[in-house]
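Source file work20.cif; content: mmCIF, C-alpha atoms and all ligand atoms.
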data_model
#
loop_
_atom_site.label_atom_id
_atom_site.label_comp_id
_atom_site.auth_asym_id
_atom_site.auth_seq_id
_atom_site.Cartn_x
_atom_site.Cartn_y
_atom_site.Cartn_z
CA MET A 1 10.68 -17.71 -3.10
CA PHE A 2 9.18 -15.03 -0.98
CA LYS A 3 12.66 -13.94 -0.13
CA LEU A 4 13.01 -12.97 -3.74
CA ALA A 5 9.84 -10.99 -3.60
CA SER A 6 11.01 -9.23 -0.49
CA SER A 7 14.33 -8.24 -1.92
CA LEU A 8 12.68 -6.96 -5.06
CA ARG A 9 10.36 -5.00 -2.88
CA SER A 10 13.06 -3.41 -0.87
CA HIS A 11 14.76 -2.17 -4.00
CA GLU A 12 11.56 -0.60 -5.04
CA ALA A 13 10.82 0.76 -1.65
CA VAL A 14 10.13 4.40 -1.13
CA GLN A 15 9.25 6.13 2.07
CA ARG A 16 5.60 6.08 2.83
CA LEU A 17 5.74 9.60 4.07
CA THR A 18 7.34 11.20 1.08
CA ALA A 19 6.82 14.89 0.78
CA ILE A 20 3.71 15.89 -1.05
CA THR A 21 5.83 17.17 -3.87
CA SER A 22 7.60 13.87 -4.28
CA THR A 23 7.40 12.46 -7.77
CA LYS A 24 8.08 8.89 -6.69
CA PRO A 25 4.85 6.97 -6.82
CA SER A 26 3.96 3.98 -4.70
CA VAL A 27 1.18 2.46 -2.75
CA SER A 28 1.92 4.92 -0.03
CA PHE A 29 2.14 7.79 -2.41
CA VAL A 30 -1.55 7.37 -2.78
CA ALA A 31 -2.13 7.12 0.93
CA ILE A 32 -0.85 10.56 1.68
CA GLY A 33 -2.54 11.61 -1.49
CA VAL A 34 -5.89 11.49 0.12
CA THR A 35 -4.64 13.46 3.07
CA ALA A 36 -3.72 16.48 1.09
CA TRP A 37 -6.29 16.01 -1.56
CA PHE A 38 -8.85 18.22 0.06
CA ILE A 39 -6.43 21.09 0.30
CA MET A 40 -4.95 20.61 -3.10
CA LEU A 41 -8.20 20.25 -4.91
CA GLN A 42 -8.95 23.90 -4.60
CA LEU A 43 -5.44 24.90 -5.57
CA TRP A 44 -4.78 22.63 -8.51
CA PRO A 45 -7.28 22.27 -11.27
CA CYS A 46 -7.45 18.91 -13.02
CA GLN A 47 -5.50 20.24 -15.98
CA MET A 48 -2.52 20.88 -13.77
CA ARG A 49 0.20 18.51 -14.89
CA GLY A 50 2.80 16.82 -12.73
CA GLN A 51 6.37 16.53 -13.82
CA HIS A 52 6.53 12.92 -14.82
CA GLY A 53 4.62 11.07 -17.44
CA THR A 54 3.81 7.38 -17.65
CA THR A 55 6.74 5.21 -16.55
CA PRO A 56 8.76 4.35 -19.68
CA HIS A 57 8.38 0.76 -20.89
CA ILE A 58 5.38 0.33 -18.63
CA LYS A 59 3.95 -2.47 -20.76
CA HIS A 60 7.13 -4.51 -20.55
CA ILE A 61 7.49 -3.87 -16.84
CA VAL A 62 3.91 -4.80 -16.00
CA MET A 63 3.86 -7.89 -18.19
CA GLY A 64 7.32 -8.93 -17.02
CA ARG A 65 6.28 -8.65 -13.39
CA CYS A 66 3.10 -10.58 -14.09
CA TYR A 67 5.06 -13.48 -15.60
CA SER A 68 7.65 -13.22 -12.88
CA TYR A 69 4.95 -13.37 -10.20
CA MET A 70 3.31 -16.49 -11.50
CA THR A 71 6.56 -18.20 -12.46
CA LEU A 72 8.91 -17.33 -9.61
CA VAL A 73 7.00 -15.76 -6.74
CA ASN A 74 3.84 -17.79 -6.63
CA PRO A 75 4.13 -20.71 -9.05
CA SER A 76 0.94 -22.32 -7.86
CA LEU A 77 -1.07 -19.58 -9.52
CA SER A 78 -1.74 -19.00 -13.17
CA TYR A 79 -2.86 -15.74 -14.75
CA ASP A 80 -3.54 -14.48 -18.25
CA CYS A 81 -1.00 -11.69 -18.28
CA GLU A 82 -1.79 -10.61 -21.84
CA GLU A 83 -5.46 -10.22 -21.06
CA ILE A 84 -4.74 -8.43 -17.78
CA TRP A 85 -2.66 -5.89 -19.67
CA ARG A 86 -5.38 -5.52 -22.32
CA ARG A 87 -7.98 -4.73 -19.67
CA PHE A 88 -5.62 -2.36 -17.91
CA GLU A 89 -5.12 -0.47 -21.17
CA GLU A 90 -8.84 -0.44 -21.76
CA ALA A 91 -9.45 1.14 -18.36
CA VAL A 92 -6.73 3.75 -18.62
CA VAL A 93 -6.57 4.74 -22.25
CA HIS A 94 -10.13 5.62 -23.12
CA PRO A 95 -11.36 8.09 -20.52
CA ALA A 96 -10.01 11.52 -19.87
CA THR A 97 -6.67 11.47 -18.06
CA CYS A 98 -8.10 12.34 -14.69
CA ASN A 99 -11.26 10.31 -14.93
CA VAL A 100 -10.46 6.66 -14.29
CA SER A 101 -12.72 5.32 -11.58
CA VAL A 102 -12.33 2.28 -9.37
CA GLN A 103 -15.10 0.64 -11.45
CA ASP A 104 -13.08 1.07 -14.63
CA TYR A 105 -10.56 -1.36 -13.16
CA HIS A 106 -13.09 -4.03 -12.21
CA PRO A 107 -12.71 -6.06 -15.43
CA MET A 108 -8.95 -6.20 -14.86
CA PHE A 109 -9.25 -7.19 -11.20
CA ASP A 110 -11.70 -9.93 -12.15
CA LEU A 111 -8.73 -11.71 -13.77
CA MET A 112 -6.61 -11.55 -10.62
CA PRO A 113 -8.43 -13.58 -7.99
CA GLN A 114 -6.24 -14.61 -5.09
CA ILE A 115 -6.91 -16.30 -1.80
CA TRP A 116 -4.51 -16.35 1.09
CA PRO A 117 -4.30 -18.33 4.24
CA CYS A 118 -5.47 -16.49 7.34
CA ASN A 119 -3.32 -14.95 10.06
CA LYS A 120 -0.78 -13.51 7.63
CA PHE A 121 -2.13 -10.14 6.71
CA LEU A 122 0.05 -7.17 7.53
CA PHE A 123 -1.29 -3.63 7.24
CA TRP A 124 0.80 -0.56 7.79
CA SER A 125 0.77 3.18 7.66
CA LYS A 126 3.81 5.45 7.63
CA THR A 127 6.12 2.56 8.50
CA ARG A 128 7.08 1.44 5.03
CA SER A 129 10.74 0.72 5.43
CA LEU A 130 10.37 -0.98 8.81
CA MET A 131 7.46 -2.98 7.41
CA HIS A 132 9.71 -4.28 4.63
CA SER A 133 12.32 -5.59 7.03
CA TYR A 134 9.68 -6.93 9.40
CA ALA A 135 7.98 -8.85 6.59
CA ALA A 136 11.36 -10.08 5.33
CA VAL A 137 12.39 -11.39 8.74
CA LEU A 138 9.07 -12.91 9.77
CA GLN A 139 8.45 -14.47 6.43
CA HIS A 140 4.90 -15.48 7.01
CA PHE A 141 3.55 -11.95 6.60
CA TRP A 142 1.71 -10.78 3.53
CA THR A 143 1.36 -7.16 2.51
CA LEU A 144 -0.41 -5.47 -0.35
CA GLU A 145 2.82 -5.60 -2.34
CA ASP A 146 2.73 -9.39 -2.22
CA THR A 147 -0.55 -9.48 -4.11
CA LEU A 148 -0.43 -9.71 -7.89
CA PRO A 149 -1.69 -6.15 -8.52
CA GLY A 150 0.54 -4.75 -5.77
CA TYR A 151 3.54 -6.56 -7.20
CA MET A 152 2.79 -5.54 -10.79
CA PHE A 153 2.12 -1.86 -10.30
CA ASN A 154 4.42 -0.97 -7.39
CA ASP A 155 6.18 2.35 -8.01
CA LEU A 156 4.76 2.89 -11.49
CA VAL A 157 2.99 5.97 -12.85
CA TRP A 158 0.53 6.04 -15.69
CA CYS A 159 -2.12 8.14 -17.31
CA GLY A 160 -3.96 7.99 -20.60
CA LEU A 161 -3.90 10.24 -23.59
CA ASP A 162 -6.39 10.95 -26.30
CA LYS A 163 -6.18 8.15 -28.83
CA GLU A 164 -6.30 10.88 -31.51
CA SER A 165 -2.67 11.76 -31.02
CA GLY A 166 -1.77 8.44 -32.58
CA ASN A 167 0.54 6.92 -30.00
CA ASP A 168 0.13 3.99 -27.63
CA GLY A 169 -2.55 5.75 -25.62
CA PHE A 170 -0.35 6.64 -22.65
CA ASP A 171 0.88 10.10 -21.87
CA HIS A 172 4.64 9.79 -21.65
CA SER A 173 5.41 13.44 -21.14
CA SER A 174 3.40 14.26 -18.03
CA CYS A 175 0.67 12.93 -15.76
CA PRO A 176 -1.47 14.90 -13.32
CA GLU A 177 -0.39 15.03 -9.70
CA TRP A 178 -2.19 12.38 -7.72
CA SER A 179 -3.87 15.17 -5.86
CA ALA A 180 -5.16 16.87 -8.98
CA CYS A 181 -8.41 14.98 -9.31
CA LYS A 182 -10.70 12.55 -7.58
CA ASN A 183 -10.51 9.76 -10.12
CA HIS A 184 -6.78 9.69 -10.64
CA PRO A 185 -5.82 6.56 -12.62
CA VAL A 186 -3.06 5.54 -10.18
CA TYR A 187 -5.07 6.29 -7.05
CA SER A 188 -8.13 4.37 -8.27
CA LEU A 189 -6.08 1.25 -8.92
CA TRP A 190 -4.49 1.30 -5.46
CA ARG A 191 -7.81 1.97 -3.88
CA LYS A 192 -9.29 -1.12 -5.48
CA ALA A 193 -6.22 -3.22 -4.71
CA SER A 194 -6.26 -2.14 -1.04
CA GLN A 195 -9.96 -2.78 -0.74
CA ASN A 196 -9.62 -6.31 -2.13
CA PHE A 197 -6.67 -7.01 0.14
CA ALA A 198 -8.57 -5.92 3.26
CA GLU A 199 -11.72 -7.78 2.24
CA MET A 200 -9.72 -11.01 2.02
CA ALA A 201 -8.11 -10.52 5.42
CA CYS A 202 -8.94 -13.23 7.94
CA GLY A 203 -7.80 -14.64 11.25
CA ASN A 204 -5.41 -12.46 13.18
CA ILE A 205 -4.22 -9.42 11.33
CA THR A 206 -1.35 -7.12 12.22
CA VAL A 207 -1.33 -3.34 11.85
CA LEU A 208 1.99 -1.53 12.04
CA LEU A 209 1.72 2.16 12.94
CA ASN A 210 4.29 4.91 13.43
CA GLY A 211 4.30 6.42 16.92
CA SER A 212 6.79 9.09 15.92
CA VAL A 213 4.30 11.04 13.85
CA VAL A 214 1.19 12.97 14.76
CA ASN A 215 -1.90 11.01 13.72
CA ALA A 216 -0.28 7.61 13.50
CA PHE A 217 -3.79 6.48 12.70
CA ASN A 218 -5.10 8.81 10.04
CA ARG A 219 -8.64 8.46 8.75
CA LYS A 220 -7.48 9.84 5.42
CA SER A 221 -4.65 7.37 4.87
CA MET A 222 -5.22 4.31 2.70
CA PHE A 223 -5.41 2.20 5.85
CA GLY A 224 -7.83 4.56 7.60
CA SER A 225 -10.03 5.35 4.63
CA VAL A 226 -10.17 2.14 2.62
CA GLU A 227 -8.68 -0.85 4.37
CA LEU A 228 -10.18 -0.41 7.81
CA ASP A 229 -13.70 -0.10 6.41
CA SER A 230 -13.18 -3.17 4.24
CA LEU A 231 -12.18 -5.46 7.11
CA SER A 232 -14.89 -7.80 8.26
CA PRO A 233 -15.37 -8.52 11.98
CA LYS A 234 -16.75 -11.92 10.95
CA ARG A 235 -13.56 -12.93 9.17
CA VAL A 236 -11.03 -11.23 11.39
CA ASP A 237 -10.37 -12.74 14.84
CA HIS A 238 -8.02 -10.18 16.33
CA VAL A 239 -6.65 -6.90 15.10
CA ASN A 240 -3.18 -6.81 16.64
CA ILE A 241 -1.90 -3.24 16.57
CA LYS A 242 1.81 -2.56 16.91
CA VAL A 243 2.92 1.00 17.46
CA VAL A 244 6.58 1.66 16.75
CA THR A 245 8.52 4.83 17.37
CA ASN A 246 11.94 5.70 16.04
CA LEU A 247 14.65 4.69 18.50
CA GLU A 248 15.68 8.30 18.90
CA GLY A 249 12.09 9.50 19.15
CA PRO A 250 10.07 11.61 19.01
CA TYR A 251 7.67 9.57 21.12
CA ILE A 252 4.40 11.12 20.07
CA GLU A 253 1.80 8.37 20.04
CA SER A 254 1.33 5.07 21.81
CA CYS A 255 -1.47 2.62 22.48
CA ASN A 256 -3.15 5.01 24.89
CA LYS A 257 -1.95 8.30 23.54
CA GLY A 258 -3.08 10.16 20.44
CA SER A 259 -4.94 8.89 17.42
CA ILE A 260 -4.51 5.17 18.20
CA ALA A 261 -7.31 5.58 20.73
CA ASN A 262 -9.62 6.58 17.86
CA LEU A 263 -8.66 3.46 15.95
CA ILE A 264 -9.38 1.29 18.98
CA GLN A 265 -12.71 3.01 19.44
CA ILE A 266 -13.69 2.32 15.82
CA LEU A 267 -12.59 -1.32 16.12
CA GLN A 268 -14.58 -1.78 19.30
CA PHE A 269 -17.63 -0.13 17.84
CA ARG A 270 -17.52 -2.46 14.85
CA GLY A 271 -17.14 -5.52 17.05
CA PHE A 272 -13.51 -6.42 16.45
CA ARG A 273 -11.35 -7.97 19.13
CA TRP A 274 -8.05 -6.17 19.34
CA THR A 275 -4.73 -5.95 21.11
CA CYS A 276 -2.22 -3.13 21.08
CA THR A 277 1.45 -3.06 21.96
CA ASP A 278 3.99 -0.28 21.81
CA THR A 279 6.87 -2.39 23.10
CA ASP A 280 7.20 -5.17 20.54
CA GLN A 281 10.63 -6.74 21.09
CA THR A 282 11.11 -8.01 17.55
CA LEU A 283 10.40 -4.63 16.05
CA MET A 284 12.72 -2.89 18.48
CA SER A 285 15.54 -5.33 17.81
CA LEU A 286 15.08 -4.89 14.09
CA GLN A 287 15.49 -1.16 14.45
CA CYS A 288 18.55 -1.57 16.65
CA ILE A 289 20.19 -3.81 14.07
CA GLN A 290 19.45 -1.35 11.31
CA HIS A 291 20.79 1.66 13.20
CA PRO A 292 24.01 0.56 14.86
CA LYS A 293 24.57 4.15 15.91
CA CYS A 294 21.61 3.97 18.25
CA SER A 295 22.33 0.46 19.46
CA SER A 296 23.98 1.76 22.56
CA THR A 297 20.77 3.38 23.71
CA GLN A 298 18.98 1.99 26.72
CA THR A 299 16.05 0.90 24.56
CA CYS A 300 18.30 -1.29 22.47
CA ALA A 301 20.20 -2.65 25.41
CA ASN A 302 16.91 -3.69 26.98
CA SER A 303 15.38 -5.17 23.87
CA LEU A 304 18.47 -7.12 22.84
CA THR A 305 19.09 -8.64 26.23
CA SER A 306 15.49 -9.61 26.79
CA ASN A 307 15.37 -11.53 23.51
C1 LIG A 401 -15.94 10.62 -16.54
O1 LIG A 401 -16.29 9.31 -17.00
C2 LIG A 401 -17.66 8.99 -16.90
C3 LIG A 401 -17.89 7.58 -17.39
O2 LIG A 401 -16.76 6.78 -17.23
C4 LIG A 401 -18.49 9.99 -17.70
O3 LIG A 401 -19.84 9.70 -17.52
C5 LIG A 401 -18.17 11.42 -17.24
O4 LIG A 401 -18.84 12.32 -18.06
C6 LIG A 401 -16.68 11.66 -17.31
N1 LIG A 401 -16.40 12.99 -16.76
C7 LIG A 401 -15.53 13.83 -17.32
C8 LIG A 401 -15.34 15.15 -16.63
O5 LIG A 401 -14.93 13.57 -18.33
C1 LIG A 402 7.99 7.27 11.15
O1 LIG A 402 7.82 8.32 10.23
C2 LIG A 402 8.98 9.10 10.05
C3 LIG A 402 8.58 10.28 9.19
O2 LIG A 402 8.16 9.86 7.96
C4 LIG A 402 10.04 8.25 9.40
O3 LIG A 402 11.20 9.01 9.16
C5 LIG A 402 10.36 7.08 10.31
O4 LIG A 402 11.27 6.20 9.68
C6 LIG A 402 9.09 6.33 10.67
N1 LIG A 402 9.38 5.40 11.74
C7 LIG A 402 9.13 4.11 11.67
C8 LIG A 402 9.45 3.33 12.89
O5 LIG A 402 8.65 3.60 10.69
C1 LIG A 403 -4.47 -14.20 17.69
O1 LIG A 403 -4.23 -13.10 18.53
C2 LIG A 403 -4.59 -13.31 19.88
C3 LIG A 403 -4.39 -12.01 20.61
O2 LIG A 403 -3.12 -11.48 20.36
C4 LIG A 403 -3.74 -14.44 20.45
O3 LIG A 403 -4.14 -14.69 21.78
C5 LIG A 403 -3.93 -15.70 19.60
O4 LIG A 403 -3.06 -16.70 20.05
C6 LIG A 403 -3.64 -15.39 18.15
N1 LIG A 403 -3.95 -16.55 17.34
C7 LIG A 403 -3.17 -16.92 16.33
C8 LIG A 403 -3.66 -18.10 15.55
O5 LIG A 403 -2.12 -16.37 16.05
#
I need this file expressed as structure tokens, please.
Amino acid sequence: MFKLASSLRSHEAVQRLTAITSTKPSVSFVAIGVTAWFIMLQLWPCQMRGQHGTTPHIKHIVMGRCYSYMTLVNPSLSYDCEEIWRRFEEAVVHPATCNVSVQDYHPMFDLMPQIWPCNKFLFWSKTRSLMHSYAAVLQHFWTLEDTLPGYMFNDLVWCGLDKESGNDGFDHSSCPEWSACKNHPVYSLWRKASQNFAEMACGNITVLLNGSVVNAFNRKSMFGSVELDSLSPKRVDHVNIKVVTNLEGPYIESCNKGSIANLIQILQFRGFRWTCTDTDQTLMSLQCIQHPKCSSTQTCANSLTSN
């Protein structure tokens, strides 16, 4: 069953580190959003419109995914999909386009309670495509996209419109860039979803970071700004950090080089136990399999023979 979810996810996958100008929305879309937000805020007034409006057929997509989630992905759970949609509409349609706060989504999230077994939580930053294959191979992992809200809203865009104009309340011609305002409707939803996900996390958790970028751990990413602060040292036994670089490099950060040290410092300060590895064999093998061209490299030779 979770195989199905994973394959759906990989179709919907977009790179976490899309360019700022990218119009493809996703969980990650929001994560970089925060990064550039401070710069963009001065440049782009809230009225500034992005290119794409609300995803066409959003109601059918969201409701369809909701039914699909509780019927096929997680049949043990039951949700009121109609009411979830109604509360979503209520949050998004009434206020000004760029003024949907995290609180506005609370009534909707109240209808989506979910509890997961411990030791399965997988967090990631700038490793989206590797994370998808990792989670697909080691099937016991859970990511934000496996939660009901993550599953329902993955890759969608939405923003409200004045009811006056007599349509369904969504702006189908254009929505503001995610960076255009603080209370962006898409950003606020992901913020709440990420916060809930991290608050639930328990047992050992895994964090997958990208050692081929500067600031693998970024305080302004969704992981660094929302999820990390929402983790509880009382619920979480170990934070197991895995730093992965591209096979062909660059090799910029590792457990004791660069921003990862800041993450470890924060974890220690807050009383978490942690481990960190930058030579995870499974992750290396996965990369080797996916990039046959590089498989002849020494890294791959080592990782495949030692498995
Ligand atoms: C944003 O919404 C809040 C209440 O949801 C309201 O108090 C505030 O005036 C709104 N701000 C703008 C700029 O519309
Ligand atoms: C690290 O980030 C770069 C730049 O976005 C990306 O191309 C690469 O696939 C990422 N590497 C891993 C291992 O996720
Ligand atoms: C949790 O992580 C620690 C450190 O990596 C490890 O020693 C322990 O066996 C793990 N426990 C579980 C239940 O996976």
- Find the distance between CA of Gly150 in chain A and CA of Asp171 in chain A and write it in Å to one decimal. 21.9 Å
- Item | Protein and nucleic acid residues within 12 Å of ligand LIG 403 (chain A) (only C-alpha atoms and all ligand atoms) as a list of chain:residue names | A:Pro117, A:Cys118, A:Asn119, A:Lys120, A:Phe121, A:His140, A:Phe141, A:Cys202, A:Gly203, A:Asn204, A:Ile205, A:Thr206, A:Val207, A:Val236, A:Asp237, A:His238, A:Val239, A:Asn240, A:Ile241, A:Lys242, A:Phe272, A:Arg273, A:Trp274, A:Thr275, A:Cys276, A:Thr277
- Item | Distance of CA of Tyr151 in chain A from CA of Cys66 in chain A, expressed in Å to one decimal place | 8.0 Å
- Compile the contact shell of Ser188 in chain A as a VMD selection string: residues with an atom at most 7 Å away, counting only C-alpha atoms, same-chain residues fewer than 6 positions apart removed. chain A and resid 100 to 102
Against ligand LIG 402 (chain A), which residues of chain A fall within 7 Å? For each one I want the closest pair of atoms and the distance in Å (one decimal), counting all atoms listed in the file, rows by chain and increasing residue number, as JSON lines.
{"residue": "A:Arg16", "atom": "CA", "partner": "A:LIG402", "partner_atom": "O2", "distance": 6.9}
{"residue": "A:Leu17", "atom": "CA", "partner": "A:LIG402", "partner_atom": "O2", "distance": 4.6}
{"residue": "A:Lys126", "atom": "CA", "partner": "A:LIG402", "partner_atom": "O1", "distance": 5.6}
{"residue": "A:Thr127", "atom": "CA", "partner": "A:LIG402", "partner_atom": "O5", "distance": 3.5}
{"residue": "A:Arg128", "atom": "CA", "partner": "A:LIG402", "partner_atom": "O5", "distance": 6.3}
{"residue": "A:Ser129", "atom": "CA", "partner": "A:LIG402", "partner_atom": "O5", "distance": 6.4}
{"residue": "A:Leu130", "atom": "CA", "partner": "A:LIG402", "partner_atom": "O5", "distance": 5.2}
{"residue": "A:Asn210", "atom": "CA", "partner": "A:LIG402", "partner_atom": "C1", "distance": 4.9}
{"residue": "A:Gly211", "atom": "CA", "partner": "A:LIG402", "partner_atom": "C1", "distance": 6.9}
{"residue": "A:Ser212", "atom": "CA", "partner": "A:LIG402", "partner_atom": "C1", "distance": 5.2}
{"residue": "A:Val213", "atom": "CA", "partner": "A:LIG402", "partner_atom": "O1", "distance": 5.7}
{"residue": "A:Val244", "atom": "CA", "partner": "A:LIG402", "partner_atom": "C8", "distance": 5.1}
{"residue": "A:Thr245", "atom": "CA", "partner": "A:LIG402", "partner_atom": "C8", "distance": 4.8}
{"residue": "A:Asn246", "atom": "CA", "partner": "A:LIG402", "partner_atom": "C8", "distance": 4.7}
- Message: Neighbouring residues of ligand LIG 401 (chain A) are defined here as those with any atom at most 8 Å from a ligand atom, counting only C-alpha atoms and all ligand atoms; list them as number ranges by chain.
- Response: A: 95-96, 98-101, 104
- When you draw a straight line from CA of Val92 in chain A to CA of Met70 in chain A, how long is it in Å?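 Taking CA of Val92 in chain A and CA of Met70 in chain A, their separation equals 23.7 Å.
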- Message: Taking 3 positions as the minimum chain separation for residues in the same chain, which residues sit within 7 Å of Ala198 in chain A when counting all atoms listed in the file? Answer as a list in words.
- Response: Ser194, Gln195, Ala201, Glu227, Ser230 and Leu231 of chain A
- Spatial neighbours of Pro56 in chain A, max dist 12 Å, all atoms listed in the file, sep filter under 4 positions, as a PyMOL selection string: chain A and resi 52+60-62+156-159+168+170-174
- Message: Let me make sure I understand: among A:Phe223, A:Phe217, A:Phe197, A:Trp116, which one has the smallest atom-to-atom distance to Glu253 in chain A if we use all atoms listed in the file?
- Response: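 Closest to Glu253 in chain A of all the choices is A:Phe217.
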Padded axis-aligned box of range 178-194 of chain A (6 Å per side), centre and edge lengths, Å, one decimal, as AutoDock Vina command-line options:
--center_x -6.4 --center_y 6.8 --center_z -6.8 --size_x 20.5 --size_y 32.1 --size_z 23.6
- Message: Using only C-alpha atoms for the distances, tell me which of A:Glu145, A:Glu83, A:Glu90, A:Asp278 is nearest to Ala193 in chain A.
- Response: A:Glu145
- Message: So, with only C-alpha atoms as the atoms that count, which of A:Asn218, A:Thr97, A:Thr143, A:Asn183 lies closest to Asn262 in chain A?
- Response: A:Asn218
